[in-house]
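Encoded as structure tokens, the structure appears first; notes follow it.
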Amino acid sequence: MTEADDRVQAVRERYGRIAEGTESGCCGPSRCGPEPRVSLGVGYQESDLTSVPAEANLGLGCGAPLGFLALKPGETVLDLGSGPGLDVFLAARQVGLDGRVIGVDMTPAMLERARVSAAKLGLPQVEFRPGRLEALPVESATIDAVTSNCVINLVPDKRSVFAEIARVLRPGGRLVISDIVLNGRLPEVVEKDLLAYVGCVSGAMRQEEYFALVGAAGLEKVEVLRDVDYLAGLIASAPEEVQALEARTGVRREDVLGRVRSVTFRASKPVR
Ligand SMILES: C[S@@+](CC[C@H](N)C(=O)[O-])C[C@H]1O[C@@H](n2cnc3c(N)ncnc32)[C@H](O)[C@@H]1O
């Protein structure tokens with residue numbers, strides 16, 4: 001196995017435990033307490049969260065991308081790394097019964113959890129498919145809108161992910177993604193901390209490299225819609241996580257504050 005394979009396997013195991021309820025939160029083993037507060041802190045409305053089963057919200061997002069996607073009835077939407085299904089269910093309401101929403105995730109326990117909630121909600125336009133973002137189980141040029149919340153930072157081969165997004169979008173299709181990117185380098189010890197990787201921090205790429213990959217995939221009109229300091233938000237919503245990261249790595253929060261950004265951005269596939 002390559003180092004990248006090891007990382008993907010560590011991510012799958014970690015999110016498997018989170019889906020089964022034996023581990024909580026995105027950023028470390030110490031997070032506890034109600035998870036909805038994390039989703040409210042990154043931009044979801046209270047009414048969004050009460051409209052889905054509680055099991056669909058594990059507080060794993062780092063933004064609220066659907067709020068910027070402007071979905072229309074009848075559209076086909078793809079959610080990359082759909083986890084427990086929160087964004088899939090919110091999108092399903094917006095596209096209605098004439099639309100379609102496909103969630104893709106590589107972790108069996110997440111897919112199972114999302115399917116249980118889908119059955120409770122009775123949404124026939126929703127489907128969860130097992131698969132990797134680097135090789136999407138989706139036909140080319142069939143998707144109107146792609147979304148993803150706090151997932152691509154976890155994938156070692158980000159170039160393939162953006163190439164796959166460009167492949168599955170219809171000409172003129174759009175994407176709105178929330179993700180973690182870096183503004184400057186992280187201390188090496190944090191960068192190397194595999195647990196931090198799985199917890200959404202050190203698998204992230206510098207933002208200029210990240211957006212270069214978006215452009216290299218042939219996606220255009222990149223526009224940053226929201227850019228906030230991820231650690232500042234984490235200090236406010238889950239201070240124990242930041243303490244755990246400091247204890248594990250010996251790096252003080254002052255040394256990383258401002259460098260880990262939660263960005264939400266839009267881009268589109270050219271019409272031709
Ligand atoms: C931080 S969680 C976000 C889940 C969901 N988007 C949310 O906001 O609740 C990351 C999810 O992405 C999935 N994932 C990570 N890497 C993946 C990959 N390479 N291919 C498919 N799914 C992946 C994990 O299994 C996990 O469910």
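Residues in the structure tokens are numbered from 1 in each chain, the chains being A, B, ... in the order shown, and ligands are numbered from 1 in the order shown.
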Could I get the residue neighbourhood of ligand 1 at 7 Å, counting only C-alpha atoms and all ligand atoms, as a JSON list (two decimals) with C-alpha atoms, in the first residue's frame?
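Listed below is the output, part.json:
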[["chain", "number", "residue", "atom", "x", "y", "z"],
["A", 8, "VAL", "CA", -7.55, 6.88, 2.57],
["A", 11, "VAL", "CA", -10.08, 8.20, 6.78],
["A", 12, "ARG", "CA", -12.51, 5.35, 6.00],
["A", 15, "TYR", "CA", -15.56, 7.96, 9.53],
["A", 26, "CYS", "CA", -14.45, 15.85, 12.65],
["A", 57, "ASN", "CA", -26.47, 15.84, 11.27],
["A", 58, "LEU", "CA", -23.16, 14.78, 12.77],
["A", 59, "GLY", "CA", -21.67, 18.27, 12.69],
["A", 60, "LEU", "CA", -19.10, 17.21, 10.09],
["A", 61, "GLY", "CA", -19.37, 20.16, 7.69],
["A", 80, "LEU", "CA", -19.43, 14.28, -2.85],
["A", 81, "GLY", "CA", -18.68, 12.59, 0.48],
["A", 82, "SER", "CA", -22.31, 12.74, 1.54],
["A", 83, "GLY", "CA", -21.69, 11.27, 5.02],
["A", 84, "PRO", "CA", -24.92, 11.00, 7.04],
["A", 85, "GLY", "CA", -26.87, 12.75, 4.25],
["A", 86, "LEU", "CA", -27.65, 16.23, 5.59],
["A", 87, "ASP", "CA", -26.99, 18.14, 2.34],
["A", 104, "VAL", "CA", -21.47, 9.30, -2.99],
["A", 105, "ASP", "CA", -19.39, 8.09, -0.04],
["A", 106, "MET", "CA", -16.71, 5.42, 0.44],
["A", 107, "THR", "CA", -17.57, 4.49, 4.05],
["A", 110, "MET", "CA", -22.02, 6.28, 6.58],
["A", 131, "GLY", "CA", -17.66, 5.02, -4.36],
["A", 132, "ARG", "CA", -14.54, 7.15, -4.30],
["A", 133, "LEU", "CA", -14.40, 10.82, -5.27],
["A", 134, "GLU", "CA", -11.31, 10.04, -7.36],
["A", 148, "SER", "CA", -19.41, 18.83, -1.21],
["A", 149, "ASN", "CA", -18.89, 19.76, 2.43],
["A", 150, "CYS", "CA", -15.51, 19.35, 4.12],
["A", 151, "VAL", "CA", -14.41, 16.27, 2.18],
["A", 152, "ILE", "CA", -11.89, 17.07, -0.59],
["A", 154, "LEU", "CA", -9.28, 14.50, 3.13],
["A", 155, "VAL", "CA", -8.47, 13.09, -0.33],
["A", 200, "CYS", "CA", -9.75, 17.89, 8.51]]
- With a distance cut-off of 10 Å and only C-alpha atoms, select the neighbouring residues of Met205 (chain A), excluding the residue or stretch itself and same-chain residues fewer than 6 positions from it, and output the selection as an MDAnalysis selection string. chainID A and resid 152:154 156 158 180:185 211 260
- Task: May I have the residues within 10 Å of Leu121 (chain A) as a PyMOL selection string, using only C-alpha atoms and disregarding those fewer than 2 positions away in the same chain?
- Result: chain A and resi 51-53+89+115-119+123-124
- Item | Atomic distance CA of Glu209 (chain A) - CA of Thr264 (chain A), expressed in Å with one decimal |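 Computed distance, CA of Glu209 (chain A) to CA of Thr264 (chain A), equals 15.8 Å.
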Pick out the residues sitting within 7 Å of Gly74 (chain A), and hand them over as a PDB file with N, CA, C and O atoms, in the first residue's frame; count only C-alpha atoms, and ignore anything fewer than 5 positions along from it in its own chain.
ATOM      1  N   VAL A  95     -35.044  20.353  -5.106  1.00  0.00           N
ATOM      2  CA  VAL A  95     -35.230  19.899  -6.502  1.00  0.00           C
ATOM      3  C   VAL A  95     -36.567  19.204  -6.693  1.00  0.00           C
ATOM      4  O   VAL A  95     -37.033  19.059  -7.831  1.00  0.00           O
ATOM      5  N   GLY A  96     -37.188  18.773  -5.589  1.00  0.00           N
ATOM      6  CA  GLY A  96     -38.526  18.187  -5.674  1.00  0.00           C
ATOM      7  C   GLY A  96     -38.543  16.795  -6.291  1.00  0.00           C
ATOM      8  O   GLY A  96     -37.504  16.204  -6.592  1.00  0.00           O
ATOM      9  N   ASP A  98     -39.401  15.857  -9.228  1.00  0.00           N
ATOM     10  CA  ASP A  98     -38.910  15.760 -10.614  1.00  0.00           C
ATOM     11  C   ASP A  98     -37.386  15.810 -10.690  1.00  0.00           C
ATOM     12  O   ASP A  98     -36.810  15.630 -11.762  1.00  0.00           O
ATOM     13  N   GLY A  99     -36.750  16.110  -9.577  1.00  0.00           N
ATOM     14  CA  GLY A  99     -35.291  16.176  -9.559  1.00  0.00           C
ATOM     15  C   GLY A  99     -34.701  14.884  -9.027  1.00  0.00           C
ATOM     16  O   GLY A  99     -35.403  13.891  -8.789  1.00  0.00           O
TER      17      GLY A  99
END
- Query: Interatomic distance between CA of Leu175 (chain A) and CA of Leu257 (chain A)?
  - Reply: 28.4 Å
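Note that the spacing between CA of Leu97 (chain A) and CA of Val146 (chain A) amounts to 18.3 Å.
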- Task: Could you find all residues in region 136-224 of chain A that DSSP calls helix (DSSP H, G or I) from the backbone, and write them as a PyMOL selection string?
- Result: chain A and resi 152-154+158-168+188-191+194-198+207-216
With N, CA, C and O atoms retained, write the just-selected residues as a compact mmCIF listing (two decimals), in the first residue's frame.
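Writing done, so here's selection-v3.txt:
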# COMPACT_ATOMS: atom_id res chain seq x y z
N ILE A 152 -13.00 17.17 0.38
CA ILE A 152 -11.89 17.07 -0.59
C ILE A 152 -10.54 17.24 0.11
O ILE A 152 -9.54 16.66 -0.31
N ASN A 153 -10.53 18.00 1.22
CA ASN A 153 -9.26 18.14 1.97
C ASN A 153 -8.76 16.78 2.47
O ASN A 153 -7.57 16.62 2.73
N LEU A 154 -9.66 15.82 2.61
CA LEU A 154 -9.28 14.50 3.13
C LEU A 154 -8.70 13.60 2.04
O LEU A 154 -8.17 12.53 2.34
N LYS A 158 -6.26 15.14 -5.01
CA LYS A 158 -7.29 16.16 -5.29
C LYS A 158 -7.43 16.45 -6.79
O LYS A 158 -8.50 16.79 -7.28
N ARG A 159 -6.32 16.29 -7.54
CA ARG A 159 -6.38 16.54 -8.99
C ARG A 159 -7.44 15.63 -9.63
O ARG A 159 -8.25 16.09 -10.44
N SER A 160 -7.45 14.35 -9.25
CA SER A 160 -8.45 13.43 -9.82
C SER A 160 -9.87 13.82 -9.44
O SER A 160 -10.80 13.65 -10.22
N VAL A 161 -10.03 14.33 -8.21
CA VAL A 161 -11.39 14.71 -7.77
C VAL A 161 -11.94 15.82 -8.67
O VAL A 161 -13.07 15.75 -9.17
N PHE A 162 -11.12 16.86 -8.93
CA PHE A 162 -11.63 17.96 -9.76
C PHE A 162 -11.82 17.52 -11.22
O PHE A 162 -12.78 17.96 -11.88
N ALA A 163 -10.96 16.62 -11.69
CA ALA A 163 -11.15 16.09 -13.05
C ALA A 163 -12.46 15.31 -13.13
O ALA A 163 -13.20 15.40 -14.13
N GLU A 164 -12.78 14.57 -12.08
CA GLU A 164 -14.03 13.81 -12.06
C GLU A 164 -15.25 14.73 -11.99
O GLU A 164 -16.28 14.46 -12.64
N ILE A 165 -15.13 15.81 -11.22
CA ILE A 165 -16.25 16.78 -11.16
C ILE A 165 -16.51 17.34 -12.57
O ILE A 165 -17.65 17.42 -13.03
N ALA A 166 -15.41 17.70 -13.26
CA ALA A 166 -15.56 18.27 -14.61
C ALA A 166 -16.17 17.23 -15.56
O ALA A 166 -16.96 17.57 -16.45
N ARG A 167 -15.83 15.98 -15.36
CA ARG A 167 -16.36 14.92 -16.25
C ARG A 167 -17.88 14.74 -16.06
O ARG A 167 -18.62 14.65 -17.03
N VAL A 168 -18.33 14.71 -14.80
CA VAL A 168 -19.75 14.36 -14.57
C VAL A 168 -20.70 15.55 -14.76
O VAL A 168 -21.89 15.34 -14.99
N GLU A 188 5.46 21.57 10.70
CA GLU A 188 5.61 20.21 10.18
C GLU A 188 4.95 19.16 11.07
O GLU A 188 4.34 18.20 10.60
N VAL A 189 5.05 19.38 12.37
CA VAL A 189 4.51 18.39 13.30
C VAL A 189 2.99 18.25 13.14
O VAL A 189 2.42 17.17 13.26
N VAL A 190 2.32 19.36 12.83
CA VAL A 190 0.87 19.31 12.60
C VAL A 190 0.59 18.65 11.26
O VAL A 190 -0.29 17.80 11.12
N GLU A 191 1.39 19.03 10.27
CA GLU A 191 1.25 18.48 8.92
C GLU A 191 1.35 16.96 8.94
O GLU A 191 0.66 16.25 8.24
N LEU A 194 -1.16 12.35 11.64
CA LEU A 194 -2.17 11.65 10.84
C LEU A 194 -3.57 11.88 11.39
O LEU A 194 -4.53 12.02 10.65
N LEU A 195 -3.66 11.96 12.70
CA LEU A 195 -4.98 12.18 13.28
C LEU A 195 -5.53 13.55 12.87
O LEU A 195 -6.71 13.70 12.56
N ALA A 196 -4.63 14.53 12.82
CA ALA A 196 -5.06 15.85 12.35
C ALA A 196 -5.50 15.75 10.90
O ALA A 196 -6.47 16.37 10.48
N TYR A 197 -4.80 14.93 10.12
CA TYR A 197 -5.18 14.72 8.73
C TYR A 197 -6.62 14.23 8.65
O TYR A 197 -7.47 14.77 7.96
N VAL A 198 -6.87 13.19 9.40
CA VAL A 198 -8.21 12.61 9.35
C VAL A 198 -9.22 13.58 9.95
O VAL A 198 -10.38 13.57 9.63
N GLN A 207 -4.15 27.24 -0.57
CA GLN A 207 -5.31 27.61 -1.39
C GLN A 207 -4.96 27.90 -2.85
O GLN A 207 -5.73 27.57 -3.75
N GLU A 208 -3.76 28.46 -3.10
CA GLU A 208 -3.43 28.77 -4.50
C GLU A 208 -3.22 27.47 -5.30
O GLU A 208 -3.61 27.38 -6.46
N GLU A 209 -2.64 26.44 -4.64
CA GLU A 209 -2.47 25.14 -5.33
C GLU A 209 -3.83 24.49 -5.56
O GLU A 209 -4.09 23.91 -6.61
N TYR A 210 -4.69 24.60 -4.57
CA TYR A 210 -6.03 24.01 -4.64
C TYR A 210 -6.80 24.61 -5.83
O TYR A 210 -7.34 23.89 -6.68
N PHE A 211 -6.82 25.95 -5.90
CA PHE A 211 -7.59 26.59 -6.98
C PHE A 211 -6.91 26.39 -8.34
O PHE A 211 -7.59 26.39 -9.37
N ALA A 212 -5.60 26.16 -8.33
CA ALA A 212 -4.92 25.83 -9.60
C ALA A 212 -5.43 24.48 -10.12
O ALA A 212 -5.62 24.30 -11.33
N LEU A 213 -5.70 23.55 -9.21
CA LEU A 213 -6.23 22.24 -9.64
C LEU A 213 -7.65 22.38 -10.19
O LEU A 213 -8.03 21.69 -11.14
N VAL A 214 -8.43 23.27 -9.58
CA VAL A 214 -9.80 23.51 -10.08
C VAL A 214 -9.72 24.00 -11.53
O VAL A 214 -10.41 23.49 -12.43
N GLY A 215 -8.83 24.97 -11.77
CA GLY A 215 -8.67 25.51 -13.12
C GLY A 215 -8.10 24.48 -14.09
O GLY A 215 -8.55 24.39 -15.24
N ALA A 216 -7.14 23.68 -13.61
CA ALA A 216 -6.51 22.68 -14.48
C ALA A 216 -7.52 21.62 -14.94
O ALA A 216 -7.34 21.00 -15.99
- Task: Name the residues of region 77-209 of chain A that fall into strand (DSSP E) according to DSSP on the backbone, using the chain letters and numbers of this document, as a ChimeraX atom specification.
- Result: /A:77-80,100-105,126-130,143-149,169-182,205-206
- Item | Closest of A:Gln243, A:Gln125, A:Ser39, A:Thr147 to Pro73 (chain A) - atom-to-atom distances counting only C-alpha atoms | A:Gln125
Please report as JSON lines every residue of region 52-168 of chain A lying within 12 Å of region 223-229 of chain A, along with the nearest atom pair and their distance in Å (one decimal), using only C-alpha atoms.
{"residue": "A:Cys62", "atom": "CA", "partner": "A:Val228", "partner_atom": "CA", "distance": 9.8}
{"residue": "A:Gly63", "atom": "CA", "partner": "A:Arg226", "partner_atom": "CA", "distance": 8.4}
{"residue": "A:Ala64", "atom": "CA", "partner": "A:Arg226", "partner_atom": "CA", "distance": 9.8}
{"residue": "A:Pro65", "atom": "CA", "partner": "A:Leu225", "partner_atom": "CA", "distance": 9.3}
{"residue": "A:Leu66", "atom": "CA", "partner": "A:Leu225", "partner_atom": "CA", "distance": 11.9}
{"residue": "A:Gly67", "atom": "CA", "partner": "A:Leu225", "partner_atom": "CA", "distance": 10.6}
{"residue": "A:Phe68", "atom": "CA", "partner": "A:Leu225", "partner_atom": "CA", "distance": 8.1}
{"residue": "A:Leu69", "atom": "CA", "partner": "A:Leu225", "partner_atom": "CA", "distance": 10.9}
Restrict the selected residues to N, CA and C atoms and save them as a tab-separated table (two decimals), in the first residue's frame.
chain	number	residue	atom	x	y	z
A	62	CYS	N	-17.95	22.05	7.19
A	62	CYS	CA	-17.18	23.25	7.56
A	62	CYS	C	-17.75	24.48	6.87
A	63	GLY	N	-18.93	24.36	6.27
A	63	GLY	CA	-19.63	25.47	5.65
A	63	GLY	C	-21.06	25.00	5.41
A	64	ALA	N	-21.82	25.78	4.67
A	64	ALA	CA	-23.20	25.39	4.33
A	64	ALA	C	-23.39	25.67	2.83
A	65	PRO	N	-22.76	24.84	1.97
A	65	PRO	CA	-22.67	25.16	0.54
A	65	PRO	C	-24.01	25.26	-0.19
A	66	LEU	N	-25.01	24.47	0.28
A	66	LEU	CA	-26.29	24.48	-0.45
A	66	LEU	C	-26.94	25.85	-0.48
A	67	GLY	N	-26.66	26.65	0.54
A	67	GLY	CA	-27.24	27.99	0.61
A	67	GLY	C	-26.82	28.86	-0.57
A	68	PHE	N	-25.75	28.46	-1.28
A	68	PHE	CA	-25.25	29.25	-2.42
A	68	PHE	C	-25.51	28.56	-3.76
A	69	LEU	N	-26.11	27.38	-3.75
A	69	LEU	CA	-26.19	26.60	-4.99
A	69	LEU	C	-27.40	26.97	-5.85
- Task: Name the residues in contact with Val256 (chain A) at a cut-off of 9 Å, using only C-alpha atoms, excluding same-chain residues fewer than 6 positions from it; report them as a PyMOL selection string.
- Result: chain A and resi 185-187+231
Would you output that residue set with C-alpha atoms, as a PDB file, in the first residue's frame?
ATOM      1  CA  ARG A 185       2.325  26.382   5.738  1.00  0.00           C
ATOM      2  CA  LEU A 186       1.423  24.529   8.919  1.00  0.00           C
ATOM      3  CA  PRO A 187       4.177  23.541  11.341  1.00  0.00           C
ATOM      4  CA  LEU A 231      -9.569  27.353  14.034  1.00  0.00           C
TER       5      LEU A 231
END
- From the set A:Thr76, A:Thr2, A:Gln94, A:Thr50, which residue has the shortest atom-to-atom contact distance to Ile143 (chain A), counting only C-alpha atoms? A:Thr76
